[in-house]
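S.K.: Supplied structure: final_27.csv, CSV, C-alpha atoms and all ligand atoms.
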chain,number,residue,atom,x,y,z
P,1,MET,CA,-16.0,15.0,-76.5
P,2,PHE,CA,-16.2,14.6,-72.8
P,3,LYS,CA,-16.8,17.9,-71.0
P,4,HIS,CA,-14.3,18.4,-68.2
P,5,GLU,CA,-16.4,20.9,-66.4
P,6,LYS,CA,-18.7,18.1,-65.4
P,7,ILE,CA,-16.4,17.1,-62.6
P,8,ILE,CA,-16.8,19.8,-59.9
P,9,PRO,CA,-14.3,19.5,-57.0
P,10,ILE,CA,-15.4,20.7,-53.6
P,11,SER,CA,-12.9,21.0,-50.8
P,12,ILE,CA,-14.2,20.2,-47.4
P,13,PRO,CA,-12.3,20.8,-44.1
P,14,THR,CA,-11.4,18.0,-41.8
P,15,PRO,CA,-9.8,18.1,-38.3
P,16,PHE,CA,-7.3,15.4,-39.4
P,17,ALA,CA,-3.6,15.9,-40.1
P,18,ILE,CA,-4.2,15.2,-43.8
P,19,GLY,CA,-6.1,18.5,-44.1
P,20,ASP,CA,-9.1,19.1,-46.5
P,21,VAL,CA,-10.8,16.3,-48.2
P,22,ASN,CA,-11.8,16.7,-51.9
P,23,ILE,CA,-15.2,15.5,-52.9
P,24,TYR,CA,-16.5,15.6,-56.4
P,25,LEU,CA,-19.9,16.6,-57.9
P,26,VAL,CA,-20.4,14.8,-61.2
P,27,LYS,CA,-23.2,16.0,-63.4
P,28,GLY,CA,-24.4,13.2,-65.6
P,29,GLU,CA,-27.8,11.8,-66.1
P,30,ALA,CA,-27.9,11.7,-62.3
P,31,LEU,CA,-26.4,14.1,-59.9
P,32,THR,CA,-23.6,12.2,-58.2
P,33,LEU,CA,-21.4,13.1,-55.3
P,34,ILE,CA,-18.2,11.2,-54.9
P,35,ASP,CA,-17.5,11.0,-51.1
P,36,VAL,CA,-19.1,13.6,-48.7
P,37,GLY,CA,-16.6,14.6,-45.9
P,38,PRO,CA,-16.4,14.1,-42.2
P,39,LYS,CA,-19.3,14.6,-39.7
P,40,THR,CA,-18.4,18.0,-38.4
P,41,GLU,CA,-20.2,21.3,-38.4
P,42,ALA,CA,-17.5,23.0,-40.4
P,43,ALA,CA,-17.7,20.3,-43.1
P,44,SER,CA,-21.5,20.4,-43.2
P,45,ALA,CA,-21.5,24.2,-43.6
P,46,MET,CA,-18.9,24.0,-46.4
P,47,LEU,CA,-20.8,21.3,-48.3
P,48,LYS,CA,-24.1,23.1,-48.1
P,49,ASN,CA,-22.5,26.4,-49.1
P,50,SER,CA,-20.6,24.9,-52.0
P,51,LEU,CA,-23.8,23.2,-53.3
P,52,ALA,CA,-25.7,26.4,-52.9
P,53,GLU,CA,-23.1,28.1,-55.3
P,54,HIS,CA,-24.4,25.7,-57.9
P,55,ARG,CA,-28.0,26.3,-56.8
P,56,LEU,CA,-28.2,22.9,-55.3
P,57,THR,CA,-29.1,21.4,-51.9
P,58,LEU,CA,-28.5,18.0,-50.3
P,59,ASP,CA,-32.0,17.0,-51.5
P,60,ASP,CA,-30.9,17.4,-55.1
P,61,ILE,CA,-28.1,14.8,-54.9
P,62,ASP,CA,-29.4,11.6,-56.4
P,63,GLN,CA,-26.6,9.3,-55.3
P,64,VAL,CA,-23.3,9.2,-53.4
P,65,VAL,CA,-20.5,7.0,-54.4
P,66,LEU,CA,-18.0,6.2,-51.7
P,67,THR,CA,-14.3,5.7,-52.6
P,68,HIS,CA,-13.7,4.0,-49.2
P,69,HIS,CA,-15.1,3.8,-45.7
P,70,HIS,CA,-12.8,6.3,-43.7
P,71,ALA,CA,-14.7,8.9,-41.6
P,72,ASP,CA,-13.2,11.9,-43.5
P,73,HIS,CA,-15.0,10.6,-46.7
P,74,VAL,CA,-18.3,9.3,-45.3
P,75,GLY,CA,-19.3,11.0,-42.1
P,76,LEU,CA,-21.6,13.6,-43.6
P,77,LEU,CA,-23.8,10.9,-45.1
P,78,ASP,CA,-25.9,11.3,-41.9
P,79,GLU,CA,-27.1,14.6,-43.2
P,80,PHE,CA,-28.5,13.3,-46.5
P,81,PRO,CA,-32.2,12.4,-46.9
P,82,ASP,CA,-33.2,8.7,-46.8
P,83,SER,CA,-34.0,8.8,-50.5
P,84,VAL,CA,-30.3,9.3,-51.6
P,85,LYS,CA,-28.7,6.2,-53.1
P,86,ILE,CA,-25.5,5.2,-51.3
P,87,ILE,CA,-23.2,3.2,-53.5
P,88,GLY,CA,-19.8,1.6,-52.6
P,89,HIS,CA,-17.9,-1.6,-52.2
P,90,MET,CA,-19.6,-4.1,-49.9
P,91,TYR,CA,-16.7,-3.8,-47.4
P,92,ASN,CA,-17.9,-0.3,-46.5
P,93,GLU,CA,-21.0,-1.6,-44.9
P,94,PRO,CA,-20.0,-2.6,-41.4
P,95,TYR,CA,-18.0,0.6,-41.0
P,96,ILE,CA,-20.6,3.1,-42.3
P,97,SER,CA,-23.4,1.4,-40.3
P,98,GLN,CA,-21.2,1.1,-37.2
P,99,ASN,CA,-22.3,-2.5,-36.8
P,100,PRO,CA,-21.9,-3.2,-33.1
P,101,ASP,CA,-20.9,-6.9,-33.6
P,102,PHE,CA,-18.3,-5.8,-36.2
P,103,ILE,CA,-16.8,-3.2,-33.8
P,104,LYS,CA,-16.6,-5.8,-31.1
P,105,LYS,CA,-14.9,-8.2,-33.5
P,106,GLN,CA,-12.5,-5.4,-34.6
P,107,SER,CA,-11.5,-4.5,-31.0
P,108,ALA,CA,-10.9,-8.2,-30.2
P,109,PHE,CA,-9.0,-8.7,-33.4
P,110,PHE,CA,-6.6,-5.8,-32.8
P,111,THR,CA,-6.0,-6.7,-29.2
P,112,TYR,CA,-5.0,-10.2,-30.3
P,113,LEU,CA,-3.0,-9.1,-33.3
P,114,PHE,CA,-1.1,-6.4,-31.5
P,115,GLY,CA,-0.3,-8.8,-28.7
P,116,GLN,CA,1.2,-11.2,-31.3
P,117,LEU,CA,3.1,-8.3,-32.8
P,118,GLY,CA,4.8,-7.6,-29.5
P,119,VAL,CA,3.0,-4.4,-28.5
P,120,PRO,CA,3.1,-4.1,-24.7
P,121,HIS,CA,-0.3,-4.7,-23.0
P,122,HIS,CA,-0.6,-1.3,-21.5
P,123,MET,CA,-0.4,0.3,-25.0
P,124,ILE,CA,-3.3,-1.7,-26.4
P,125,SER,CA,-6.7,-0.2,-26.0
P,126,SER,CA,-10.0,-0.4,-27.8
P,127,ARG,CA,-9.9,3.5,-27.9
P,128,THR,CA,-8.1,3.4,-31.3
P,129,VAL,CA,-11.0,1.5,-32.8
P,130,GLU,CA,-13.7,3.6,-31.2
P,131,GLN,CA,-12.0,6.8,-32.2
P,132,SER,CA,-12.0,5.8,-35.9
P,133,TYR,CA,-15.8,6.1,-35.8
P,134,ARG,CA,-16.0,9.4,-34.1
P,135,LEU,CA,-16.7,11.5,-37.2
P,136,SER,CA,-18.3,8.7,-39.1
P,137,CYS,CA,-22.0,8.0,-39.9
P,138,ARG,CA,-24.7,5.5,-39.3
P,139,ARG,CA,-26.0,4.7,-42.8
P,140,SER,CA,-26.3,1.7,-45.1
P,141,LEU,CA,-25.3,1.1,-48.6
P,142,THR,CA,-28.2,0.9,-50.9
P,143,GLN,CA,-26.1,-0.6,-53.7
P,144,THR,CA,-22.8,-2.5,-53.8
P,145,VAL,CA,-20.4,-2.3,-56.6
P,146,LYS,CA,-17.4,-4.3,-57.6
P,147,GLU,CA,-14.6,-4.5,-60.3
P,148,ASN,CA,-15.7,-3.4,-63.8
P,149,ASN,CA,-19.2,-2.3,-62.7
P,150,GLN,CA,-20.8,0.8,-64.3
P,151,ILE,CA,-23.1,3.0,-62.2
P,152,ASP,CA,-26.4,4.1,-63.5
P,153,GLY,CA,-26.5,7.9,-64.1
P,154,LEU,CA,-22.7,8.1,-64.2
P,155,GLU,CA,-22.1,7.3,-67.8
P,156,GLY,CA,-18.6,6.4,-69.0
P,157,TRP,CA,-17.2,5.7,-65.6
P,158,THR,CA,-16.0,2.2,-64.5
P,159,VAL,CA,-15.4,0.9,-61.0
P,160,LEU,CA,-12.0,-0.5,-60.3
P,161,GLU,CA,-11.3,-2.2,-57.0
P,162,THR,CA,-8.1,-0.8,-55.5
P,163,PRO,CA,-7.6,-2.2,-52.0
P,164,GLY,CA,-4.6,-1.2,-49.8
P,165,HIS,CA,-5.3,2.1,-48.1
P,166,ALA,CA,-8.6,0.4,-47.2
P,167,THR,CA,-10.1,-2.9,-48.2
P,168,SER,CA,-13.2,-1.1,-49.3
P,169,HIS,CA,-11.3,1.2,-51.7
P,170,ILE,CA,-12.5,1.7,-55.3
P,171,VAL,CA,-11.7,4.3,-57.9
P,172,LEU,CA,-13.8,5.5,-60.9
P,173,TYR,CA,-12.1,5.4,-64.3
P,174,HIS,CA,-13.2,7.3,-67.3
P,175,GLY,CA,-11.5,5.7,-70.3
P,176,LYS,CA,-12.5,8.2,-72.9
P,177,SER,CA,-11.0,11.2,-71.2
P,178,GLU,CA,-8.3,9.2,-69.4
P,179,ARG,CA,-9.4,10.5,-66.0
P,180,LEU,CA,-9.6,8.9,-62.6
P,181,ILE,CA,-11.5,9.9,-59.5
P,182,GLY,CA,-8.9,8.3,-57.2
P,183,GLY,CA,-10.0,8.5,-53.6
P,184,ASP,CA,-6.8,8.0,-51.4
P,185,LEU,CA,-5.1,5.7,-53.9
P,186,LEU,CA,-2.5,8.2,-54.9
P,187,LEU,CA,-1.9,11.6,-53.3
P,188,LYS,CA,0.5,14.3,-54.4
P,189,THR,CA,1.9,15.4,-51.1
P,190,SER,CA,1.7,12.4,-48.8
P,191,SER,CA,1.9,8.7,-49.2
P,192,SER,CA,-1.4,6.8,-48.8
P,193,ASN,CA,-0.9,4.7,-45.7
P,194,PRO,CA,-1.9,1.1,-46.2
P,195,LEU,CA,-3.8,0.3,-43.0
P,196,LEU,CA,-4.3,-2.9,-41.0
P,197,GLU,CA,-7.9,-4.1,-41.0
P,198,VAL,CA,-9.9,-6.9,-39.5
P,199,PRO,CA,-10.7,-9.6,-42.1
P,200,GLN,CA,-14.3,-9.4,-43.4
P,201,GLN,CA,-14.1,-12.7,-45.2
P,202,GLY,CA,-12.1,-15.7,-44.0
P,203,GLU,CA,-9.7,-15.9,-41.1
P,204,ASN,CA,-6.6,-14.3,-42.5
P,205,ARG,CA,-6.0,-10.6,-42.2
P,206,PRO,CA,-5.6,-8.5,-45.4
P,207,LEU,CA,-2.0,-7.7,-46.4
P,208,PRO,CA,-2.5,-3.9,-46.9
P,209,LEU,CA,0.9,-3.0,-48.4
P,210,LEU,CA,0.9,-5.9,-50.9
P,211,ASP,CA,-2.7,-5.0,-51.9
P,212,TYR,CA,-1.7,-1.4,-52.2
P,213,LEU,CA,1.3,-2.1,-54.4
P,214,ALA,CA,-0.8,-4.2,-56.7
P,215,SER,CA,-3.4,-1.4,-56.9
P,216,ILE,CA,-0.9,1.3,-57.8
P,217,ASN,CA,0.8,-1.0,-60.3
P,218,ARG,CA,-2.6,-1.3,-62.0
P,219,LEU,CA,-2.6,2.4,-62.5
P,220,SER,CA,0.6,2.2,-64.5
P,221,GLU,CA,-1.1,0.0,-67.0
P,222,LEU,CA,-4.0,2.4,-67.6
P,223,PRO,CA,-4.0,5.2,-70.2
P,224,LEU,CA,-4.3,8.0,-67.6
P,225,GLU,CA,-3.9,11.7,-67.9
P,226,LYS,CA,-5.2,13.1,-64.7
P,227,ILE,CA,-6.3,12.0,-61.2
P,228,PHE,CA,-8.8,13.8,-59.1
P,229,PRO,CA,-7.6,12.7,-55.6
P,230,GLY,CA,-9.2,12.6,-52.2
P,231,HIS,CA,-6.7,15.0,-50.8
P,232,GLY,CA,-4.4,17.6,-52.3
P,233,GLY,CA,-4.1,18.9,-55.8
P,234,GLN,CA,-5.0,17.2,-59.1
P,235,ILE,CA,-2.3,14.9,-60.3
P,236,THR,CA,-0.7,14.7,-63.7
P,237,GLY,CA,2.7,13.1,-64.3
P,238,ILE,CA,1.2,10.1,-62.7
P,239,GLN,CA,3.9,7.5,-63.6
P,240,GLU,CA,6.6,9.7,-62.0
P,241,LEU,CA,4.6,9.9,-58.8
P,242,ILE,CA,4.1,6.1,-58.8
P,243,THR,CA,7.8,5.6,-59.3
P,244,ARG,CA,8.6,7.9,-56.4
P,245,ARG,CA,6.1,6.1,-54.1
P,246,LEU,CA,7.6,2.7,-55.1
P,247,GLU,CA,11.1,3.9,-54.4
P,248,LYS,CA,10.2,5.2,-51.0
P,249,GLN,CA,8.5,1.9,-50.1
P,250,GLN,CA,11.6,0.0,-51.4
P,251,ASN,CA,13.9,2.1,-49.2
P,252,ARG,CA,11.7,1.6,-46.2
P,253,ALA,CA,11.7,-2.2,-46.8
P,254,GLU,CA,15.6,-2.2,-47.0
P,255,GLU,CA,15.7,-0.2,-43.7
P,256,VAL,CA,13.6,-2.9,-42.0
P,257,TYR,CA,15.8,-5.6,-43.6
P,258,GLY,CA,18.8,-3.8,-42.2
P,259,ILE,CA,17.4,-3.8,-38.7
P,260,LEU,CA,16.6,-7.5,-38.9
P,261,SER,CA,20.2,-8.3,-40.1
P,262,GLU,CA,21.4,-7.3,-36.6
P,263,LYS,CA,19.1,-9.6,-34.7
P,264,PRO,CA,15.5,-11.0,-34.8
P,265,HIS,CA,12.8,-8.5,-33.7
P,266,THR,CA,9.1,-8.2,-33.1
P,267,ALA,CA,7.1,-5.9,-35.3
P,268,PHE,CA,6.7,-3.6,-32.4
P,269,SER,CA,10.4,-3.3,-31.7
P,270,ILE,CA,11.0,-2.5,-35.4
P,271,CYS,CA,8.3,0.1,-35.3
P,272,GLN,CA,10.0,1.8,-32.3
P,273,LYS,CA,13.2,1.9,-34.3
P,274,LEU,CA,11.6,3.2,-37.5
P,275,PHE,CA,9.4,5.8,-35.7
P,276,PRO,CA,11.1,6.6,-32.4
P,277,THR,CA,9.3,9.9,-31.8
P,278,VAL,CA,5.8,9.1,-33.0
P,279,TYR,CA,5.2,5.4,-32.4
P,280,GLU,CA,3.4,6.0,-29.1
P,281,LYS,CA,1.0,8.7,-30.3
P,282,GLN,CA,0.5,7.1,-33.7
P,283,LEU,CA,0.6,3.4,-32.8
P,284,PHE,CA,-1.9,2.2,-35.3
P,285,LEU,CA,-0.5,4.2,-38.2
P,286,THR,CA,3.1,3.3,-37.5
P,287,MET,CA,2.4,-0.4,-36.8
P,288,SER,CA,0.4,-0.6,-40.0
P,289,GLU,CA,3.4,0.8,-41.9
P,290,THR,CA,5.9,-1.6,-40.1
P,291,VAL,CA,3.7,-4.7,-40.6
P,292,GLY,CA,3.2,-3.7,-44.2
P,293,GLN,CA,7.0,-3.8,-44.8
P,294,LEU,CA,7.3,-7.1,-42.9
P,295,ASP,CA,4.5,-8.6,-45.1
P,296,TYR,CA,6.4,-7.4,-48.1
P,297,LEU,CA,9.8,-8.8,-47.1
P,298,GLN,CA,8.0,-12.1,-46.3
P,299,ALA,CA,6.3,-12.2,-49.7
P,300,CYS,CA,9.8,-11.6,-51.2
P,301,ASN,CA,11.0,-14.7,-49.3
P,302,ARG,CA,13.7,-12.6,-47.6
P,303,ILE,CA,12.5,-12.9,-44.0
P,304,ILE,CA,10.5,-15.4,-42.0
P,305,SER,CA,8.6,-15.2,-38.7
P,306,GLU,CA,8.6,-17.6,-35.8
P,307,GLU,CA,6.1,-17.8,-33.0
P,308,ILE,CA,7.5,-18.1,-29.5
P,309,ASN,CA,4.9,-18.0,-26.6
P,310,GLY,CA,2.3,-16.3,-28.8
P,311,ILE,CA,4.6,-13.6,-30.0
P,312,TYR,CA,6.0,-13.4,-33.6
P,313,TYR,CA,9.7,-12.8,-34.1
P,314,TYR,CA,11.0,-11.9,-37.5
P,315,HIS,CA,14.4,-12.8,-38.8
P,316,LEU,CA,16.3,-13.1,-42.0
P,317,ARG,CA,15.8,-16.2,-44.1
I,401,ZN,ZN,-8.7,7.2,-46.2
Please, can you express the file's structure as structure tokens?
M.R.:
Amino acid sequence: MFKHEKIIPISIPTPFAIGDVNIYLVKGEALTLIDVGPKTEAASAMLKNSLAEHRLTLDDIDQVVLTHHHADHVGLLDEFPDSVKIIGHMYNEPYISQNPDFIKKQSAFFTYLFGQLGVPHHMISSRTVEQSYRLSCRRSLTQTVKENNQIDGLEGWTVLETPGHATSHIVLYHGKSERLIGGDLLLKTSSSNPLLEVPQQGENRPLPLLDYLASINRLSELPLEKIFPGHGGQITGIQELITRRLEKQQNRAEEVYGILSEKPHTAFSICQKLFPTVYEKQLFLTMSETVGQLDYLQACNRIISEEINGIYYYHLR
């Protein structure tokens, strides 16, 4: 019988709106930490104190598995000794190493994309990209994993690729105990924003909402009792939560469809209508959400986009 106490949750503070991040210590043949927290002094102190309660230090950790590349999950990697194994999906690499060519490519990509989406020039700045690295790390993966891989020292757990919230996103599934270490795939108290990203392979940008829907639909097919999430409380009643998330997305898509039934719009003008009070401050987040719904309606063959002078206008089919 699988011993549940082998998964030890540690709650680490973050300065982000989402609140604390949950990281997990898994005692198997190796001592594994799933995610590490952001690069802040408060997070560092909390991690060290929590490990000390188990008579452990950073040096005792054999390996870190990353659920995805966001700063609140990876930043503290900088504090680990060089000997620690760092394991994750290959798409983490340019983010966690802060590859300068990649960051340049990212900035250029978003300037171009946001222009096409109708965002006014004065609102586009490379600051958004730079800020996303502020509490991140400069480390490198020592091992990449993909769908269906097992990780040495972490017996019984299987890697599932679950892109959407991030292209680098994976979860760890333990079939015997029907448990999942879920990163930000499904959270109890907030929806996991599918975020726009620069493509790492090929020319076409990822379609984050479509990827996300496919990823959470996969969860429905798994025997699954409990999720250990990246933020918020542990999740049971998983199917109900998935249904709630899907309904919310469906309603948002209909709202966008309703706006487009009046007249054609750019993604930016829809974003302003959906998020009138926050679109300026949270441009990246709200544009990601808007574009996600437009991608979805396009995939459903309900709307099309037309390019006029370099700007895309969406209208009903
Ligand atoms: Zn995240």
S.K.: Name the residues in contact with Lys176 in chain P at a cut-off of 8 Å, using all atoms listed in the file, excluding same-chain residues fewer than 2 positions from it; report them as a list of chain:residue names.
M.R.: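 Answer for this query is P:Phe2, P:Gly156, P:His174, P:Glu178, P:Arg179.
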S.K.: List as a VMD selection string the protein and nucleic acid residues lying within 9 Å of ligand ZN 401 (chain I), with all atoms listed in the file counted.
M.R.: chain P and resid 67 to 73 165 to 166 169 183 to 185 192 to 193 230
S.K.: When you count all atoms listed in the file, which of these residues is closest to Ile308 in chain P: P:Thr266, P:Thr40, P:Asn217, P:Gln249?
M.R.: P:Thr266
S.K.: What's the separation between CA of Thr290 in chain P and CA of Lys104 in chain P, in Å to one decimal place?
M.R.: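 We find that CA of Thr290 in chain P and CA of Lys104 in chain P lie 24.6 Å from each other.
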S.K.: Which of these, P:Pro94, P:Asn22, P:Val64, P:Tyr212, has the shortest distance to Asp82 in chain P once you count only C-alpha atoms?
M.R.: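 Closest candidate: P:Val64.
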S.K.: With distances taken over only C-alpha atoms, which of P:Glu53, P:Glu247, P:Glu41, P:Asp59 is nearest to Leu76 in chain P?
M.R.: P:Glu41
S.K.: Here is a test: counting all atoms listed in the file, which residue of P:Lys105, P:Ala299, P:Arg244, P:Gln116 is nearest to Tyr313 in chain P?
M.R.: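 Closest to Tyr313 in chain P of all the choices is P:Gln116.
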S.K.: Between CA of Tyr173 in chain P and CA of Glu221 in chain P, what is the spacing in Å?
M.R.: 12.5 Å
S.K.: Separation of CA of Asp60 in chain P and CA of Asn99 in chain P, in Å?
M.R.: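 If I compute the distance from CA of Asp60 in chain P to CA of Asn99 in chain P, I get 28.4 Å.
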S.K.: N, CA, C and O atoms for range 197-214 of chain P, written as a PDB file, in the coordinates of the input, could you do that?
M.R.:
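Result written to rebuild_13.pdb:
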ATOM      1  N   GLU P 197      -6.438  -3.976 -41.175  1.00  0.00           N
ATOM      2  CA  GLU P 197      -7.900  -4.100 -41.000  1.00  0.00           C
ATOM      3  C   GLU P 197      -8.224  -5.527 -40.539  1.00  0.00           C
ATOM      4  O   GLU P 197      -7.506  -6.475 -40.869  1.00  0.00           O
ATOM      5  N   VAL P 198      -9.343  -5.634 -39.850  1.00  0.00           N
ATOM      6  CA  VAL P 198      -9.900  -6.900 -39.500  1.00  0.00           C
ATOM      7  C   VAL P 198     -10.386  -7.612 -40.773  1.00  0.00           C
ATOM      8  O   VAL P 198     -10.935  -6.938 -41.641  1.00  0.00           O
ATOM      9  N   PRO P 199     -10.169  -8.941 -40.922  1.00  0.00           N
ATOM     10  CA  PRO P 199     -10.700  -9.600 -42.100  1.00  0.00           C
ATOM     11  C   PRO P 199     -12.224  -9.590 -42.131  1.00  0.00           C
ATOM     12  O   PRO P 199     -12.837  -9.810 -41.086  1.00  0.00           O
ATOM     13  N   GLN P 200     -12.832  -9.331 -43.277  1.00  0.00           N
ATOM     14  CA  GLN P 200     -14.300  -9.400 -43.400  1.00  0.00           C
ATOM     15  C   GLN P 200     -14.740 -10.733 -43.967  1.00  0.00           C
ATOM     16  O   GLN P 200     -15.880 -11.127 -43.848  1.00  0.00           O
ATOM     17  N   GLN P 201     -13.817 -11.392 -44.670  1.00  0.00           N
ATOM     18  CA  GLN P 201     -14.100 -12.700 -45.200  1.00  0.00           C
ATOM     19  C   GLN P 201     -12.928 -13.614 -44.844  1.00  0.00           C
ATOM     20  O   GLN P 201     -11.790 -13.207 -45.017  1.00  0.00           O
ATOM     21  N   GLY P 202     -13.181 -14.820 -44.350  1.00  0.00           N
ATOM     22  CA  GLY P 202     -12.100 -15.700 -44.000  1.00  0.00           C
ATOM     23  C   GLY P 202     -11.424 -15.316 -42.716  1.00  0.00           C
ATOM     24  O   GLY P 202     -11.845 -14.388 -42.030  1.00  0.00           O
ATOM     25  N   GLU P 203     -10.353 -16.029 -42.402  1.00  0.00           N
ATOM     26  CA  GLU P 203      -9.700 -15.900 -41.100  1.00  0.00           C
ATOM     27  C   GLU P 203      -8.461 -14.956 -41.224  1.00  0.00           C
ATOM     28  O   GLU P 203      -8.068 -14.330 -40.255  1.00  0.00           O
ATOM     29  N   ASN P 204      -7.846 -14.948 -42.407  1.00  0.00           N
ATOM     30  CA  ASN P 204      -6.600 -14.300 -42.500  1.00  0.00           C
ATOM     31  C   ASN P 204      -6.745 -12.772 -42.707  1.00  0.00           C
ATOM     32  O   ASN P 204      -7.621 -12.329 -43.448  1.00  0.00           O
ATOM     33  N   ARG P 205      -5.880 -12.008 -42.017  1.00  0.00           N
ATOM     34  CA  ARG P 205      -6.000 -10.600 -42.200  1.00  0.00           C
ATOM     35  C   ARG P 205      -5.541 -10.151 -43.569  1.00  0.00           C
ATOM     36  O   ARG P 205      -4.699 -10.809 -44.186  1.00  0.00           O
ATOM     37  N   PRO P 206      -6.101  -9.040 -44.084  1.00  0.00           N
ATOM     38  CA  PRO P 206      -5.600  -8.500 -45.400  1.00  0.00           C
ATOM     39  C   PRO P 206      -4.154  -8.099 -45.247  1.00  0.00           C
ATOM     40  O   PRO P 206      -3.686  -7.787 -44.145  1.00  0.00           O
ATOM     41  N   LEU P 207      -3.427  -8.096 -46.361  1.00  0.00           N
ATOM     42  CA  LEU P 207      -2.000  -7.700 -46.400  1.00  0.00           C
ATOM     43  C   LEU P 207      -1.998  -6.314 -47.091  1.00  0.00           C
ATOM     44  O   LEU P 207      -1.862  -6.240 -48.316  1.00  0.00           O
ATOM     45  N   PRO P 208      -2.180  -5.226 -46.308  1.00  0.00           N
ATOM     46  CA  PRO P 208      -2.500  -3.900 -46.900  1.00  0.00           C
ATOM     47  C   PRO P 208      -1.420  -3.390 -47.866  1.00  0.00           C
ATOM     48  O   PRO P 208      -1.752  -2.833 -48.906  1.00  0.00           O
ATOM     49  N   LEU P 209      -0.145  -3.559 -47.507  1.00  0.00           N
ATOM     50  CA  LEU P 209       0.900  -3.000 -48.400  1.00  0.00           C
ATOM     51  C   LEU P 209       0.948  -3.774 -49.706  1.00  0.00           C
ATOM     52  O   LEU P 209       1.077  -3.181 -50.784  1.00  0.00           O
ATOM     53  N   LEU P 210       0.838  -5.095 -49.622  1.00  0.00           N
ATOM     54  CA  LEU P 210       0.900  -5.900 -50.900  1.00  0.00           C
ATOM     55  C   LEU P 210      -0.315  -5.561 -51.745  1.00  0.00           C
ATOM     56  O   LEU P 210      -0.173  -5.414 -52.965  1.00  0.00           O
ATOM     57  N   ASP P 211      -1.476  -5.419 -51.129  1.00  0.00           N
ATOM     58  CA  ASP P 211      -2.700  -5.000 -51.900  1.00  0.00           C
ATOM     59  C   ASP P 211      -2.442  -3.637 -52.526  1.00  0.00           C
ATOM     60  O   ASP P 211      -2.788  -3.402 -53.682  1.00  0.00           O
ATOM     61  N   TYR P 212      -1.873  -2.725 -51.721  1.00  0.00           N
ATOM     62  CA  TYR P 212      -1.700  -1.400 -52.200  1.00  0.00           C
ATOM     63  C   TYR P 212      -0.716  -1.329 -53.409  1.00  0.00           C
ATOM     64  O   TYR P 212      -0.973  -0.649 -54.400  1.00  0.00           O
ATOM     65  N   LEU P 213       0.382  -2.084 -53.315  1.00  0.00           N
ATOM     66  CA  LEU P 213       1.300  -2.100 -54.400  1.00  0.00           C
ATOM     67  C   LEU P 213       0.694  -2.641 -55.691  1.00  0.00           C
ATOM     68  O   LEU P 213       0.888  -2.096 -56.782  1.00  0.00           O
ATOM     69  N   ALA P 214      -0.117  -3.686 -55.542  1.00  0.00           N
ATOM     70  CA  ALA P 214      -0.800  -4.200 -56.700  1.00  0.00           C
ATOM     71  C   ALA P 214      -1.772  -3.177 -57.285  1.00  0.00           C
ATOM     72  O   ALA P 214      -1.881  -3.025 -58.509  1.00  0.00           O
TER      73      ALA P 214
END
